Every structure is written in structure tokens, then in C-alpha cells.
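*Asks:* Structure supplied as structure-v5.txt; contents: compact mmCIF, C-alpha atoms.
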```txt
# COMPACT_ATOMS: atom_id res chain seq x y z
CA MET A 17 -3.11 -17.21 22.67
CA THR A 18 -3.32 -14.67 25.49
CA ILE A 19 -3.75 -11.07 24.36
CA SER A 20 -2.70 -8.07 26.43
CA PRO A 21 -5.69 -5.94 27.46
CA ASN A 22 -4.20 -2.53 26.56
CA LEU A 23 -1.18 -0.49 25.47
CA ALA A 24 -0.06 0.18 29.06
CA THR A 25 0.20 -3.56 29.64
CA ASP A 26 2.01 -3.92 26.29
CA ILE A 27 4.64 -1.46 27.52
CA LEU A 28 5.05 -3.38 30.78
CA ILE A 29 5.36 -6.68 28.91
CA HIS A 30 8.07 -5.27 26.66
CA ALA A 31 9.98 -3.69 29.56
CA ALA A 32 9.75 -6.87 31.65
CA ARG A 33 10.94 -9.11 28.81
CA GLN A 34 13.85 -6.75 28.12
CA THR A 35 14.74 -6.75 31.83
CA VAL A 36 14.70 -10.56 31.99
CA ALA A 37 16.84 -10.84 28.85
CA CYS A 38 19.30 -8.27 30.22
CA HIS A 39 19.52 -10.13 33.53
CA GLU A 40 20.24 -13.41 31.74
CA TRP A 41 22.99 -11.76 29.68
CA VAL A 42 24.58 -10.02 32.69
CA ASP A 43 24.35 -13.20 34.79
CA ASP A 44 26.11 -15.18 32.05
CA ARG A 45 28.85 -12.55 31.73
CA LEU A 46 29.34 -12.32 35.51
CA GLY A 47 29.42 -16.11 35.74
CA ASP A 48 32.17 -16.20 33.10
CA HIS A 49 34.27 -14.05 35.44
CA GLY A 50 33.41 -15.87 38.67
CA VAL A 51 31.50 -12.91 40.13
CA CYS A 52 28.37 -14.98 40.76
CA ASP A 53 30.45 -17.23 43.02
CA ASP A 54 31.64 -14.17 44.98
CA LEU A 55 28.10 -12.81 45.49
CA PRO A 56 25.82 -15.87 45.66
CA ASP A 57 23.11 -14.30 47.85
CA GLU A 58 22.78 -11.24 45.65
CA THR A 59 22.78 -13.11 42.34
CA GLU A 60 20.29 -15.69 43.66
CA ALA A 61 17.98 -12.94 44.95
CA LEU A 62 18.02 -11.19 41.57
CA ALA A 63 17.50 -14.50 39.75
CA GLY A 64 14.45 -15.19 41.92
CA ARG A 65 12.87 -11.81 41.13
CA THR A 66 13.50 -12.11 37.41
CA ALA A 67 12.09 -15.66 37.44
CA ASP A 68 8.85 -14.25 38.87
CA LEU A 69 8.88 -11.54 36.22
CA ARG A 70 9.56 -14.09 33.45
CA ARG A 71 6.61 -16.25 34.51
CA ALA A 72 4.29 -13.25 34.65
CA VAL A 73 5.11 -11.75 31.26
CA HIS A 74 5.25 -15.03 29.39
CA GLU A 75 1.54 -15.40 30.11
CA PHE A 76 0.96 -12.86 27.32
CA THR A 77 1.74 -14.11 23.83
CA HIS A 78 0.27 -11.15 21.92
CA TYR A 79 0.11 -7.39 22.33
CA SER A 80 -3.24 -5.63 22.51
CA ASP A 81 -3.11 -5.00 18.73
CA ARG A 82 -2.85 -8.81 18.26
CA ARG A 83 0.82 -8.79 17.12
CA PRO A 84 2.93 -11.53 18.67
CA VAL A 85 5.11 -10.30 21.53
CA ALA A 86 8.21 -12.21 20.45
CA ALA A 87 9.78 -14.44 17.83
CA VAL A 88 12.67 -16.90 17.62
CA GLU A 89 14.79 -17.80 14.60
CA ILE A 90 17.20 -20.73 14.54
CA ILE A 91 20.43 -20.33 12.61
CA ASP A 92 22.37 -23.34 11.34
CA GLY A 93 20.25 -25.66 13.44
CA HIS A 94 21.45 -24.52 16.86
CA THR A 95 21.90 -20.76 17.29
CA HIS A 96 18.67 -19.31 18.66
CA VAL A 97 17.94 -15.62 18.13
CA HIS A 98 15.20 -14.36 20.46
CA TYR A 99 13.59 -11.01 19.79
CA THR A 100 10.84 -9.10 21.60
CA PHE A 101 8.95 -6.81 19.26
CA GLU A 102 8.57 -3.19 20.32
CA ALA A 103 5.29 -2.40 22.08
CA ILE A 104 5.26 1.10 20.59
CA ILE A 105 6.39 1.16 16.99
CA GLU A 106 8.62 4.15 16.39
CA GLN A 107 10.45 2.99 13.27
CA PRO A 108 8.30 1.57 10.46
CA GLY A 109 9.61 -1.18 8.25
CA GLU A 110 12.33 -3.74 8.53
CA ARG A 111 15.67 -2.87 10.12
CA LEU A 112 18.96 -4.65 10.62
CA LEU A 113 19.36 -5.78 14.24
CA PHE A 114 22.86 -7.24 14.01
CA THR A 115 25.38 -9.21 11.98
CA SER A 116 27.41 -12.10 13.42
CA ARG A 117 29.70 -14.93 12.37
CA ARG A 118 28.13 -18.29 11.63
CA PRO A 119 29.23 -20.76 14.31
CA ALA A 120 32.10 -23.10 13.51
CA ASP A 121 34.39 -25.31 15.53
CA PRO A 122 37.88 -23.86 15.99
CA ASP A 123 39.41 -26.35 13.54
CA GLU A 124 36.71 -25.77 10.87
CA PRO A 125 37.04 -23.25 8.04
CA ASP A 126 35.12 -19.97 8.11
CA ARG A 127 31.40 -20.55 7.50
CA GLY A 128 30.51 -16.95 6.71
CA HIS A 129 28.11 -14.70 8.57
CA TYR A 130 24.44 -13.99 9.09
CA ARG A 131 22.28 -10.91 9.43
CA VAL A 132 19.14 -10.61 11.53
CA TYR A 133 16.34 -8.23 10.55
CA ALA A 134 13.17 -7.29 12.44
CA ASP A 135 9.99 -5.52 11.47
CA ASP A 136 8.05 -4.57 14.59
CA ARG A 137 4.91 -3.47 12.74
CA ALA A 138 4.69 -6.73 10.75
CA ALA A 139 6.00 -8.70 13.76
CA THR A 140 8.55 -10.56 11.64
CA LEU A 141 12.08 -11.70 12.35
CA ARG A 142 14.20 -12.68 9.36
CA VAL A 143 17.69 -14.17 8.99
CA GLU A 144 19.94 -14.05 5.95
CA ALA A 145 22.87 -16.49 6.03
CA TYR A 146 25.94 -15.95 3.86
CA GLY A 147 28.77 -18.33 3.15
CA PRO A 148 32.45 -17.44 3.34
CA LEU A 149 33.78 -14.87 0.91
CA GLU A 150 35.40 -16.29 -2.19
CA LEU A 151 38.83 -14.80 -2.82
CA ALA A 152 39.69 -14.51 -6.50
```
Represent the structure of the file as C-alpha cells.
*Replies:*
Amino acid sequence: MTISPNLATDILIHAARQTVACHEWVDDRLGDHGVCDDLPDETEALAGRTADLRRAVHEFTHYSDRRPVAAVEIIDGHTHVHYTFEAIIEQPGERLLFTSRRPADPDEPDRGHYRVYADDRAATLRVEAYGPLELA
């Protein structure tokens, strides 16, 4: 366990993790549209910088107040939800992050949905899974 030395570092850790996650998302989306192939030098340069950033911030596992920096929940055995807790807690208590469909193959029936909740102060990530709606 490596603890951040102070709140300023906590803020940098949070910002860096959010930046890395955003880069991964944008890179995936651009790759889906072939843009990464059109701009290989630029996308590789950005990937290199975010890789350095990822290595640096993953050294810290806990904020200065000893809360874990991040959590992961696994849904249905294969969907991974990664969440970085806020460094500065502005909203107390648990809040809904998002709702999504439970994964299913195209030829499988609807499996329902799930909801992901986070509580930054308690440093908890919670998933509620629901089956398909029953039609009467």
C-alpha cells in the first residue's frame, strides 16, 4: 500500500487517472473509426505520454486520508467497471453512476440491466444486477 503524501498529490492522482481513462476511451473510439490508422504518429505519441502517466499514478494505491484511490467491480463474470474515487469529496453518500444493459449474445434473450453506485467518502463501489422485466 502506497499512500499519497498530501491533498495536492491526491488531486494530481485523480486528474491523471481520469486523463488516462479518457485517453483509453477516445483511442478506442477513434480506432473503431480508423482514425488511429490515419494519424499513427500522433496517436502513438499520445499513447506514450499517457503510458508514462499511468505508470506514475498507479504507484499510489491510497489517498492521503487512507481511502483507496480506485475500485473495480466485475459484472456477470466479465464486464469490468473501473472507478476512481474523487480526491475531494463534494457530494456525501452513495450516488448512481450509471445504468447499463447486462451483456448478452445477439441470439440470447434480454438479460436485464445493472446499476453502478459509488460512495467516494466510504470508498465503495456497488453493483445491483436486475433480470429482464416480466410482462404480465
*Asks:* I want to know what sits within 8 Å of Leu141 of chain A, based on only C-alpha atoms, with residues of the same chain fewer than 4 positions away left out; could you give that as JSON, numbers by chain?
*Replies:* {"A": [87, 88, 89, 99, 132, 133, 134, 135]}
*Asks:* Find the residues of segment 63-115 of chain A that sit at most 12 Å from segment 136-140 of chain A; for each, write down the nearest two atoms and how far apart they are in Å, to one decimal. Count all atoms listed in the file. Sort by chain, then by number going up, and give it as a tab-separated table.
*Replies:*
```
residue	atom	partner	partner_atom	distance
A:His78	CA	A:Ala139	CA	10.3
A:Tyr79	CA	A:Ala139	CA	10.5
A:Asp81	CA	A:Arg137	CA	10.1
A:Arg82	CA	A:Ala139	CA	9.9
A:Arg83	CA	A:Ala139	CA	6.2
A:Pro84	CA	A:Ala139	CA	6.4
A:Val85	CA	A:Ala139	CA	8.0
A:Ala86	CA	A:Ala139	CA	7.9
A:Ala87	CA	A:Thr140	CA	7.4
A:Val88	CA	A:Thr140	CA	9.6
A:Glu89	CA	A:Thr140	CA	10.0
A:His98	CA	A:Thr140	CA	11.7
A:Tyr99	CA	A:Thr140	CA	9.6
A:Thr100	CA	A:Asp136	CA	8.8
A:Phe101	CA	A:Asp136	CA	5.3
A:Glu102	CA	A:Asp136	CA	5.9
A:Ala103	CA	A:Asp136	CA	8.3
A:Ile104	CA	A:Asp136	CA	8.7
A:Ile105	CA	A:Asp136	CA	6.4
A:Glu106	CA	A:Asp136	CA	8.9
A:Gln107	CA	A:Asp136	CA	8.0
A:Pro108	CA	A:Arg137	CA	6.5
A:Gly109	CA	A:Arg137	CA	6.9
A:Glu110	CA	A:Asp136	CA	7.5
A:Arg111	CA	A:Asp136	CA	9.0
A:Leu112	CA	A:Asp136	CA	11.6
A:Leu113	CA	A:Asp136	CA	11.4
```
*Asks:* Nearest to Trp41 of chain A among A:Ala24, A:Ala63, A:Leu55, A:Ile91, with distances taken over only C-alpha atoms: which residue is it?
*Replies:*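 Ranking A:Ala24, A:Ala63, A:Leu55, A:Ile91 by distance to Trp41 of chain A, first place goes to A:Ala63.
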*Asks:* Taking the point (25.5, -12.8, 36.0) as given in the file, collect each protein or nucleic acid residue that comes within 10 Å of it, counting all atoms listed in the file, and present the set as a PyMOL selection string.
*Replies:* chain A and resi 38-53+55+59-60+62-63
*Asks:* For a quick check of understanding, using all atoms listed in the file, which of A:Thr35, A:Thr115, A:Thr66, A:Ser80 has the smallest distance to Asn22 of chain A?
*Replies:*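 Among the listed residues, A:Ser80 lies closest to Asn22 of chain A.
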